[in-house]
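What's in my_file.cif: mmCIF, C-alpha atoms
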```
data_final
loop_
_atom_site.label_atom_id
_atom_site.label_comp_id
_atom_site.auth_asym_id
_atom_site.auth_seq_id
_atom_site.Cartn_x
_atom_site.Cartn_y
_atom_site.Cartn_z
CA MET A 1 0.00 0.00 0.00
CA ALA A 2 1.41 3.36 -1.05
CA VAL A 3 1.78 6.04 1.57
CA SER A 4 0.70 9.46 0.37
CA THR A 5 2.54 12.53 1.52
CA PRO A 6 0.54 15.55 2.63
CA HIS A 7 0.12 18.41 0.18
CA ILE A 8 2.45 21.25 1.08
CA TRP A 9 1.28 24.63 -0.20
CA GLU A 10 4.85 25.94 -0.28
CA ASP A 11 5.50 23.42 -3.06
CA ASP A 12 2.78 25.16 -5.07
CA ILE A 13 4.90 28.32 -4.95
CA TYR A 14 7.99 26.41 -6.03
CA ASN A 15 6.05 24.77 -8.89
CA ALA A 16 4.76 28.17 -10.02
CA PHE A 17 8.35 29.44 -9.97
CA LYS A 18 9.43 26.57 -12.19
CA LYS A 19 6.51 27.11 -14.58
CA ALA A 20 7.34 30.83 -14.87
CA ASP A 21 11.07 30.14 -15.31
CA ILE A 22 12.09 32.02 -12.15
CA SER A 23 15.84 31.64 -11.93
CA GLN A 24 16.79 34.05 -9.15
CA VAL A 25 15.21 34.16 -5.69
CA PRO A 26 16.52 36.88 -3.39
CA TYR A 27 15.40 36.52 0.22
CA VAL A 28 15.95 37.54 3.80
CA PRO A 29 15.98 34.34 5.90
CA ASP A 30 12.53 33.75 7.36
CA ALA A 31 10.82 30.77 8.99
CA GLY A 32 7.66 31.44 6.99
CA HIS A 33 9.56 30.79 3.76
CA ALA A 34 11.92 28.08 5.10
CA HIS A 35 10.52 25.15 3.08
CA LEU A 36 10.51 27.17 -0.16
CA ILE A 37 14.02 28.49 0.50
CA ARG A 38 15.29 24.91 0.93
CA ARG A 39 13.66 23.91 -2.37
CA VAL A 40 15.31 26.85 -4.14
CA HIS A 41 18.72 25.97 -2.68
CA ASP A 42 18.29 22.37 -3.85
CA ASP A 43 17.44 23.38 -7.43
CA PRO A 44 20.49 23.77 -9.70
CA ASP A 45 18.43 25.92 -12.10
CA MET A 46 17.67 28.53 -9.44
CA THR A 47 20.03 30.95 -7.79
CA PRO A 48 19.15 31.79 -4.19
CA ILE A 49 20.45 35.18 -3.09
CA VAL A 50 20.69 35.78 0.65
CA LEU A 51 20.09 39.45 1.46
CA THR A 52 21.08 41.55 4.44
CA THR A 53 18.03 43.79 3.98
CA GLU A 54 14.87 43.58 1.92
CA GLU A 55 15.41 46.60 -0.31
CA GLU A 56 18.50 44.86 -1.76
CA GLY A 57 16.07 42.30 -3.13
CA ILE A 58 14.22 44.91 -5.15
CA ALA A 59 17.46 46.02 -6.80
CA SER A 60 18.42 42.37 -7.32
CA SER A 61 15.09 41.60 -9.00
CA CYS A 62 15.41 44.62 -11.29
CA GLY A 63 18.97 43.66 -12.18
CA ALA A 64 17.87 40.12 -12.97
CA TRP A 65 15.28 41.46 -15.42
CA LEU A 66 17.87 43.72 -17.08
CA GLY A 67 20.10 40.65 -17.43
CA GLY A 68 17.35 38.60 -19.09
CA LYS A 69 16.35 36.61 -16.00
CA LYS A 70 13.18 36.39 -13.93
CA SER A 71 13.22 36.86 -10.19
CA ALA A 72 10.80 36.68 -7.26
CA LEU A 73 11.61 38.30 -3.91
CA LEU A 74 10.79 36.56 -0.61
CA MET A 75 10.41 38.63 2.55
CA GLN A 76 8.51 39.00 5.81
CA SER A 77 6.02 41.79 6.45
CA SER A 78 8.34 43.37 9.01
CA GLY A 79 10.75 44.17 6.17
CA VAL A 80 8.26 45.91 3.91
CA GLY A 81 8.87 49.26 5.61
CA ASN A 82 12.52 49.01 4.61
CA CYS A 83 11.51 48.87 0.93
CA VAL A 84 9.20 51.82 0.38
CA ASN A 85 11.77 54.15 -1.17
CA MET A 86 13.32 51.41 -3.31
CA LEU A 87 9.89 50.43 -4.70
CA SER A 88 10.05 53.65 -6.72
CA LEU A 89 12.64 51.85 -8.87
CA VAL A 90 10.15 49.25 -10.11
CA THR A 91 7.46 51.89 -10.60
CA ASN A 92 9.52 54.54 -12.37
CA CYS A 93 11.43 52.09 -14.56
CA ASN A 94 8.36 49.90 -15.19
CA PHE A 95 10.09 46.66 -14.21
CA PRO A 96 8.01 43.53 -13.69
CA PHE A 97 8.07 42.69 -10.00
CA VAL A 98 6.74 39.95 -7.73
CA THR A 99 7.35 39.62 -4.03
CA ILE A 100 5.92 36.98 -1.74
CA VAL A 101 5.49 38.28 1.79
CA SER A 102 5.01 36.08 4.84
CA MET A 103 2.83 38.02 7.23
CA ARG A 104 3.45 38.51 10.93
CA GLY A 105 1.45 40.63 13.34
CA GLU A 106 -1.89 39.12 12.44
CA TYR A 107 -3.68 35.97 13.57
CA GLY A 108 -2.67 35.15 17.14
CA GLU A 109 0.56 37.17 17.10
CA PHE A 110 2.51 37.05 20.35
CA ASN A 111 4.98 39.83 19.48
CA SER A 112 3.35 43.27 19.63
CA TRP A 113 6.25 44.78 17.66
CA GLN A 114 5.06 42.89 14.56
CA VAL A 115 1.53 44.34 14.60
CA PRO A 116 2.06 47.92 13.28
CA MET A 117 3.90 46.83 10.14
CA ALA A 118 1.35 44.08 9.49
CA ARG A 119 -1.34 46.75 9.47
CA ALA A 120 0.72 49.01 7.18
CA THR A 121 1.95 46.36 4.72
CA PRO A 122 -0.95 46.33 2.21
CA THR A 123 -1.26 50.12 2.18
CA SER A 124 2.52 50.59 1.84
CA PHE A 125 2.56 48.49 -1.31
CA GLU A 126 -0.58 50.10 -2.73
CA MET A 127 0.75 53.62 -2.12
CA MET A 128 3.83 52.69 -4.18
CA GLY A 129 1.74 51.36 -7.08
CA ILE A 130 2.13 47.67 -6.24
CA GLU A 131 -0.97 45.48 -6.60
CA VAL A 132 -1.68 43.39 -3.50
CA MET A 133 -2.97 39.83 -3.62
CA ARG A 134 -3.62 37.81 -0.46
CA CYS A 135 -3.65 34.09 0.32
CA ASN A 136 -5.56 32.96 3.40
CA SER A 137 -5.89 29.24 2.66
CA PRO A 138 -3.66 26.58 1.08
CA ASP A 139 -5.86 26.15 -2.00
CA GLU A 140 -5.40 29.85 -2.92
CA VAL A 141 -1.60 29.77 -2.98
CA GLY A 142 -0.80 27.99 -6.25
CA PRO A 143 -3.32 29.80 -8.45
CA THR A 144 -2.50 33.20 -6.92
CA VAL A 145 1.25 32.86 -7.36
CA ASP A 146 0.83 31.48 -10.88
CA ALA A 147 -1.45 34.38 -11.87
CA ALA A 148 0.86 36.99 -10.31
CA LEU A 149 3.97 35.66 -12.04
CA TYR A 150 2.18 35.48 -15.39
CA ALA A 151 0.79 39.02 -15.08
CA ALA A 152 4.10 40.48 -13.93
CA PHE A 153 6.24 39.01 -16.67
CA ALA A 154 3.66 39.16 -19.48
CA SER A 155 2.69 42.79 -18.93
CA GLU A 156 5.25 44.28 -16.54
CA GLN A 157 2.93 44.44 -13.56
CA LYS A 158 4.11 44.88 -9.98
CA ILE A 159 2.53 42.50 -7.48
CA ALA A 160 2.93 41.65 -3.80
CA ILE A 161 1.41 38.39 -2.59
CA LEU A 162 0.68 38.38 1.13
CA LEU A 163 0.69 34.96 2.79
CA SER A 164 -1.53 35.45 5.83
CA GLN A 165 -0.39 34.43 9.27
CA ARG A 166 -3.46 32.17 9.46
CA LEU A 167 -2.08 30.29 6.41
CA ILE A 168 1.50 30.14 7.66
CA GLY A 169 0.57 29.38 11.24
CA ARG A 170 1.09 31.50 14.28
CA LYS A 171 4.33 31.41 16.18
CA GLU A 172 4.29 30.55 19.84
CA TRP A 173 7.07 31.29 22.31
#
```
When written as structure tokens, how does the structure in this file appear?
Amino acid sequence: MAVSTPHIWEDDIYNAFKKADISQVPYVPDAGHAHLIRRVHDDPDMTPIVLTTEEEGIASSCGAWLGGKKSALLMQSSGVGNCVNMLSLVTNCNFPFVTIVSMRGEYGEFNSWQVPMARATPTSFEMMGIEVMRCNSPDEVGPTVDAALYAAFASEQKIAILLSQRLIGRKEW
């Protein structure tokens, strides 16, 4: 009798990356993206780029596009505030852009310092001209990421996908 493995929604992101030919994945290390980051590191066709700060990932994604490559930036909501000024680069230069943001400061958050940026994250992106999509359940992840990547690279759209804390799971300390 075959044993089935549980469906992991993070694999839907990885599969969408493969389908869209994403070859560079800049990221700031984050537990919410840990499974996906491991998959990227294990894939010889993808280049993981460890960042010291999130705004470096915006420049990295733009540089990838200028070099004929596709990129998707991984970050946590607490880092979005670091990126506001740099987001003008994707807007003014009309670069395609996709970031996948693991949310903190929402559902059952224990750390009050995460809450203000969680509240500001969607509005921060929208104020900079970035469309916001949100995933609250595992079945939304694959189709949302696939649609965002297609739209970004087919018509130079700028999209942030927010992975809700309910989806990721709350942290307990």
Spell out the residues picked by the PyMOL selection byres ((chain A and resi 54) around 9) here, as a list in words.
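Selected by the PyMOL selection byres ((chain A and resi 54) around 9) in this file: Pro26, Tyr27, Val28, Leu51, Thr52, Thr53, Glu55, Glu56, Gly57, Ile58, Leu73, Leu74, Met75, Gln76, Gly79, Val80, Asn82 and Cys83 of chain A.
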Write the residues of the preceding selection, restricted to C-alpha atoms, as a PDB file, in the coordinates of the input.
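The resulting file, selection.pdb, is reproduced below:
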```
ATOM      1  CA  PRO A  26      16.520  36.880  -3.390  1.00  0.00           C
ATOM      2  CA  TYR A  27      15.400  36.520   0.220  1.00  0.00           C
ATOM      3  CA  VAL A  28      15.950  37.540   3.800  1.00  0.00           C
ATOM      4  CA  LEU A  51      20.090  39.450   1.460  1.00  0.00           C
ATOM      5  CA  THR A  52      21.080  41.550   4.440  1.00  0.00           C
ATOM      6  CA  THR A  53      18.030  43.790   3.980  1.00  0.00           C
ATOM      7  CA  GLU A  55      15.410  46.600  -0.310  1.00  0.00           C
ATOM      8  CA  GLU A  56      18.500  44.860  -1.760  1.00  0.00           C
ATOM      9  CA  GLY A  57      16.070  42.300  -3.130  1.00  0.00           C
ATOM     10  CA  ILE A  58      14.220  44.910  -5.150  1.00  0.00           C
ATOM     11  CA  LEU A  73      11.610  38.300  -3.910  1.00  0.00           C
ATOM     12  CA  LEU A  74      10.790  36.560  -0.610  1.00  0.00           C
ATOM     13  CA  MET A  75      10.410  38.630   2.550  1.00  0.00           C
ATOM     14  CA  GLN A  76       8.510  39.000   5.810  1.00  0.00           C
ATOM     15  CA  GLY A  79      10.750  44.170   6.170  1.00  0.00           C
ATOM     16  CA  VAL A  80       8.260  45.910   3.910  1.00  0.00           C
ATOM     17  CA  ASN A  82      12.520  49.010   4.610  1.00  0.00           C
ATOM     18  CA  CYS A  83      11.510  48.870   0.930  1.00  0.00           C
TER      19      CYS A  83
END
```
With all atoms listed in the file as the counted atoms, please give the residues lying no more than 7 Å from Glu131 in chain A, apart from itself and same-chain residues fewer than 5 positions off, as a PDB file with C-alpha atoms, keeping the file's coordinate frame.
```pdb
ATOM      1  CA  GLU A 126      -0.580  50.100  -2.730  1.00  0.00           C
ATOM      2  CA  LYS A 158       4.110  44.880  -9.980  1.00  0.00           C
ATOM      3  CA  ILE A 159       2.530  42.500  -7.480  1.00  0.00           C
ATOM      4  CA  ALA A 160       2.930  41.650  -3.800  1.00  0.00           C
TER       5      ALA A 160
END
```
Could you list, as a list in words, every residue within 9 Å of Gly81 in chain A, counting only C-alpha atoms and ignoring same-chain residues fewer than 5 positions away?
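Final neighbour list, sorted by chain and number: Met117, Ala120, Thr121 and Ser124 of chain A.
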Run the PyMOL selection byres ((chain A and resi 103) around 12) mentally over the shown coordinates, then write out the matched residues as a ChimeraX atom specification, using the chain letters and numbers from the document.
/A:30-33,74-80,100-102,104-109,114-122,134-136,160-171
Between CA of Ser23 in chain A and CA of Lys70 in chain A, distance in Å (one decimal):
5.8 Å
Evaluated on this file, the PyMOL selection byres ((chain A and resi 12) around 10) picks out some residues - which ones are they, written as a list in words?
His7, Ile8, Trp9, Glu10, Asp11, Ile13, Tyr14, Asn15, Ala16, Phe17, Lys18, Leu36, Pro138, Asp139, Glu140, Val141, Gly142, Pro143, Thr144, Val145 and Asp146 of chain A
CA of Asp42 in chain A to CA of Phe97 in chain A: how many Å, to one decimal?
23.6 Å
Under the rule that all atoms listed in the file are counted, which of A:Gln24, A:Asp45, A:Asn85, A:Val50 is the nearest residue to Ala64 in chain A?
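Answer, going by the shortest atom-to-atom distance: A:Gln24.
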Would you mind telling me which residue in A:Leu89, A:Met128, A:Val40, A:Ala20 lies nearest to Lys69 in chain A when using only C-alpha atoms?
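Smallest distance to Lys69 in chain A is found for A:Ala20.
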Would you compute the distance between CA of Val90 in chain A and CA of Ala34 in chain A? Give it in Å to one decimal.
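Computing the Euclidean distance for CA of Val90 in chain A and CA of Ala34 in chain A yields 26.1 Å.
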Taking the partial coordinates given, rebuild range 133-144 of chain A to contain all heavy atoms; return it as a PDB file, in the coordinates of the input.
```pdb
ATOM      1  N   MET A 133      -2.146  41.034  -3.622  1.00  0.00           N
ATOM      2  CA  MET A 133      -2.970  39.830  -3.620  1.00  0.00           C
ATOM      3  C   MET A 133      -2.742  39.147  -2.275  1.00  0.00           C
ATOM      4  O   MET A 133      -1.672  39.280  -1.695  1.00  0.00           O
ATOM      5  CB  MET A 133      -2.576  38.885  -4.754  1.00  0.00           C
ATOM      6  CG  MET A 133      -2.762  39.442  -6.132  1.00  0.00           C
ATOM      7  SD  MET A 133      -2.189  38.251  -7.361  1.00  0.00           S
ATOM      8  CE  MET A 133      -2.914  38.894  -8.840  1.00  0.00           C
ATOM      9  N   ARG A 134      -3.731  38.408  -1.787  1.00  0.00           N
ATOM     10  CA  ARG A 134      -3.620  37.810  -0.460  1.00  0.00           C
ATOM     11  C   ARG A 134      -4.055  36.349  -0.510  1.00  0.00           C
ATOM     12  O   ARG A 134      -5.055  36.021  -1.141  1.00  0.00           O
ATOM     13  CB  ARG A 134      -4.494  38.582   0.513  1.00  0.00           C
ATOM     14  CG  ARG A 134      -4.322  38.159   1.939  1.00  0.00           C
ATOM     15  CD  ARG A 134      -5.131  39.093   2.851  1.00  0.00           C
ATOM     16  NE  ARG A 134      -4.927  38.735   4.217  1.00  0.00           N
ATOM     17  CZ  ARG A 134      -3.930  39.145   4.987  1.00  0.00           C
ATOM     18  NH1 ARG A 134      -3.038  39.973   4.510  1.00  0.00           N
ATOM     19  NH2 ARG A 134      -3.809  38.753   6.225  1.00  0.00           N
ATOM     20  N   CYS A 135      -3.305  35.501   0.184  1.00  0.00           N
ATOM     21  CA  CYS A 135      -3.650  34.090   0.320  1.00  0.00           C
ATOM     22  C   CYS A 135      -3.946  33.794   1.784  1.00  0.00           C
ATOM     23  O   CYS A 135      -3.092  34.023   2.646  1.00  0.00           O
ATOM     24  CB  CYS A 135      -2.497  33.200  -0.150  1.00  0.00           C
ATOM     25  SG  CYS A 135      -2.123  33.367  -1.899  1.00  0.00           S
ATOM     26  N   ASN A 136      -5.147  33.306   2.045  1.00  0.00           N
ATOM     27  CA  ASN A 136      -5.560  32.960   3.400  1.00  0.00           C
ATOM     28  C   ASN A 136      -5.683  31.461   3.621  1.00  0.00           C
ATOM     29  O   ASN A 136      -5.763  31.012   4.755  1.00  0.00           O
ATOM     30  CB  ASN A 136      -6.890  33.628   3.744  1.00  0.00           C
ATOM     31  CG  ASN A 136      -6.763  35.129   3.821  1.00  0.00           C
ATOM     32  OD1 ASN A 136      -5.893  35.643   4.510  1.00  0.00           O
ATOM     33  ND2 ASN A 136      -7.606  35.824   3.093  1.00  0.00           N
ATOM     34  N   SER A 137      -5.733  30.694   2.535  1.00  0.00           N
ATOM     35  CA  SER A 137      -5.890  29.240   2.660  1.00  0.00           C
ATOM     36  C   SER A 137      -4.973  28.540   1.664  1.00  0.00           C
ATOM     37  O   SER A 137      -4.606  29.122   0.634  1.00  0.00           O
ATOM     38  CB  SER A 137      -7.344  28.840   2.429  1.00  0.00           C
ATOM     39  OG  SER A 137      -7.720  29.132   1.097  1.00  0.00           O
ATOM     40  N   PRO A 138      -4.600  27.302   1.945  1.00  0.00           N
ATOM     41  CA  PRO A 138      -3.660  26.580   1.080  1.00  0.00           C
ATOM     42  C   PRO A 138      -4.099  26.474  -0.374  1.00  0.00           C
ATOM     43  O   PRO A 138      -3.274  26.553  -1.278  1.00  0.00           O
ATOM     44  CB  PRO A 138      -3.564  25.200   1.729  1.00  0.00           C
ATOM     45  CG  PRO A 138      -3.904  25.423   3.163  1.00  0.00           C
ATOM     46  CD  PRO A 138      -4.932  26.526   3.154  1.00  0.00           C
ATOM     47  N   ASP A 139      -5.393  26.328  -0.625  1.00  0.00           N
ATOM     48  CA  ASP A 139      -5.860  26.150  -2.000  1.00  0.00           C
ATOM     49  C   ASP A 139      -5.760  27.440  -2.829  1.00  0.00           C
ATOM     50  O   ASP A 139      -5.854  27.391  -4.052  1.00  0.00           O
ATOM     51  CB  ASP A 139      -7.281  25.598  -2.021  1.00  0.00           C
ATOM     52  CG  ASP A 139      -8.280  26.506  -1.331  1.00  0.00           C
ATOM     53  OD1 ASP A 139      -7.979  26.999  -0.237  1.00  0.00           O
ATOM     54  OD2 ASP A 139      -9.376  26.707  -1.904  1.00  0.00           O
ATOM     55  N   GLU A 140      -5.552  28.580  -2.199  1.00  0.00           N
ATOM     56  CA  GLU A 140      -5.400  29.850  -2.920  1.00  0.00           C
ATOM     57  C   GLU A 140      -3.963  30.085  -3.391  1.00  0.00           C
ATOM     58  O   GLU A 140      -3.739  30.875  -4.309  1.00  0.00           O
ATOM     59  CB  GLU A 140      -5.792  31.019  -2.025  1.00  0.00           C
ATOM     60  CG  GLU A 140      -7.231  31.052  -1.614  1.00  0.00           C
ATOM     61  CD  GLU A 140      -7.526  32.159  -0.622  1.00  0.00           C
ATOM     62  OE1 GLU A 140      -6.695  32.429   0.273  1.00  0.00           O
ATOM     63  OE2 GLU A 140      -8.606  32.749  -0.755  1.00  0.00           O
ATOM     64  N   VAL A 141      -3.008  29.431  -2.770  1.00  0.00           N
ATOM     65  CA  VAL A 141      -1.600  29.770  -2.980  1.00  0.00           C
ATOM     66  C   VAL A 141      -1.136  29.530  -4.416  1.00  0.00           C
ATOM     67  O   VAL A 141      -0.635  30.437  -5.080  1.00  0.00           O
ATOM     68  CB  VAL A 141      -0.698  29.034  -1.970  1.00  0.00           C
ATOM     69  CG1 VAL A 141       0.777  29.269  -2.275  1.00  0.00           C
ATOM     70  CG2 VAL A 141      -1.034  29.455  -0.543  1.00  0.00           C
ATOM     71  N   GLY A 142      -1.277  28.313  -4.903  1.00  0.00           N
ATOM     72  CA  GLY A 142      -0.800  27.990  -6.250  1.00  0.00           C
ATOM     73  C   GLY A 142      -1.393  28.867  -7.329  1.00  0.00           C
ATOM     74  O   GLY A 142      -0.650  29.485  -8.116  1.00  0.00           O
ATOM     75  N   PRO A 143      -2.732  28.957  -7.415  1.00  0.00           N
ATOM     76  CA  PRO A 143      -3.320  29.800  -8.450  1.00  0.00           C
ATOM     77  C   PRO A 143      -2.954  31.279  -8.334  1.00  0.00           C
ATOM     78  O   PRO A 143      -2.754  31.953  -9.342  1.00  0.00           O
ATOM     79  CB  PRO A 143      -4.834  29.605  -8.263  1.00  0.00           C
ATOM     80  CG  PRO A 143      -4.982  28.325  -7.531  1.00  0.00           C
ATOM     81  CD  PRO A 143      -3.752  28.190  -6.688  1.00  0.00           C
ATOM     82  N   THR A 144      -2.844  31.782  -7.115  1.00  0.00           N
ATOM     83  CA  THR A 144      -2.500  33.200  -6.920  1.00  0.00           C
ATOM     84  C   THR A 144      -1.084  33.484  -7.369  1.00  0.00           C
ATOM     85  O   THR A 144      -0.831  34.455  -8.092  1.00  0.00           O
ATOM     86  CB  THR A 144      -2.710  33.604  -5.450  1.00  0.00           C
ATOM     87  OG1 THR A 144      -4.071  33.362  -5.087  1.00  0.00           O
ATOM     88  CG2 THR A 144      -2.362  35.065  -5.225  1.00  0.00           C
TER      89      THR A 144
END
```
